[in-house]
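Everything on this sheet refers to the single structure shown next.
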Amino acid sequence: MEKLNLSEAEWKNRLTPEQYHVLREAGTERAFGGKYNDNKADGIYHCAACELELFDSADKYDSGSGWPSFTQPLSPEAVTDHRDTSHGMIRIESRCGRCDSHLGHVFPDGPPPTGLRYCMNSLSLDFQPRH
């Protein structure tokens, strides 16, 4: 996959301040506050920074966590995993496979078939309904 590398000035110009905080500074939106937490529409979730297709609504489920949760990404290349030791915890950070923007974290407490919970920030996603 071809990588998208922009300067921080270009990212700041492209994203809202809230998106920049989440996507480029690894921030987190408030639980139950994101626009996609309760979204049940059929479609594809894209990276809000570069529009890469990340998740299918068929893999979205209500985890009760307050953030949009998915059992798996669309492809292994779409989302990359990185060790995150911030905030005194050891977690696995999920980033966009194209632009390396922070999406959220993945946890090993999801439902079958993967047992994974990709817990994403709504601000990191752009939903496109299926036509």
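Just so we're on the same page: first chain in the structure tokens is A, next is B, and so on; residues restart at 1 for each chain, and ligands are numbered from 1 in the order they show up.
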*Within 6 Å of range 32-38 of chain A, counting only C-alpha atoms, which residues show up once you throw out same-chain ones fewer than 5 positions away? Write them as a PyMOL selection string, please.*
chain A and resi 66-68+122
_With distances taken over only C-alpha atoms, which residue among A:Gly110, A:Pro73, A:Ser65, A:Cys47 lies nearest Leu15 in chain A?_
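The answer is A:Cys47, which sits nearest to Leu15 in chain A.
Checking A:Ser86, A:Asn39, A:Asn13, A:Ser75 one by one against His105 in chain A, counting only C-alpha atoms, you find the shortest gap at A:Ser86.
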*asked:* Need to verify the contact set: Cys96 in chain A, 8 Å, only C-alpha atoms, exclusion of same-chain residues closer than 2 positions in sequence. Can you return it as a ChimeraX atom specification?
replied: /A:47,52,54,78-80,94,98-103
*For Leu74 in chain A, list every protein, DNA or RNA residue within 10 Å, evaluated using only C-alpha atoms, and leave out those in the same chain fewer than 5 positions away; present the list as an MDAnalysis selection string.*
chainID A and resid 44:45 53:57 59 79
Just to be explicit: take each residue in the selection above, keep C-alpha atoms, and write the result as a PDB file, in the first residue's frame.
ATOM      1  CA  ILE A  44     -18.060   1.293   4.975  1.00  0.00           C
ATOM      2  CA  TYR A  45     -16.068   3.267   7.538  1.00  0.00           C
ATOM      3  CA  GLU A  53     -11.504   1.936   3.664  1.00  0.00           C
ATOM      4  CA  LEU A  54     -11.056   0.522   7.166  1.00  0.00           C
ATOM      5  CA  PHE A  55     -14.143  -1.293   8.480  1.00  0.00           C
ATOM      6  CA  ASP A  56     -17.379  -2.810   7.151  1.00  0.00           C
ATOM      7  CA  SER A  57     -20.592  -2.108   9.067  1.00  0.00           C
ATOM      8  CA  ASP A  59     -18.359  -6.237  11.470  1.00  0.00           C
ATOM      9  CA  VAL A  79      -5.227  -1.175  10.162  1.00  0.00           C
TER      10      VAL A  79
END
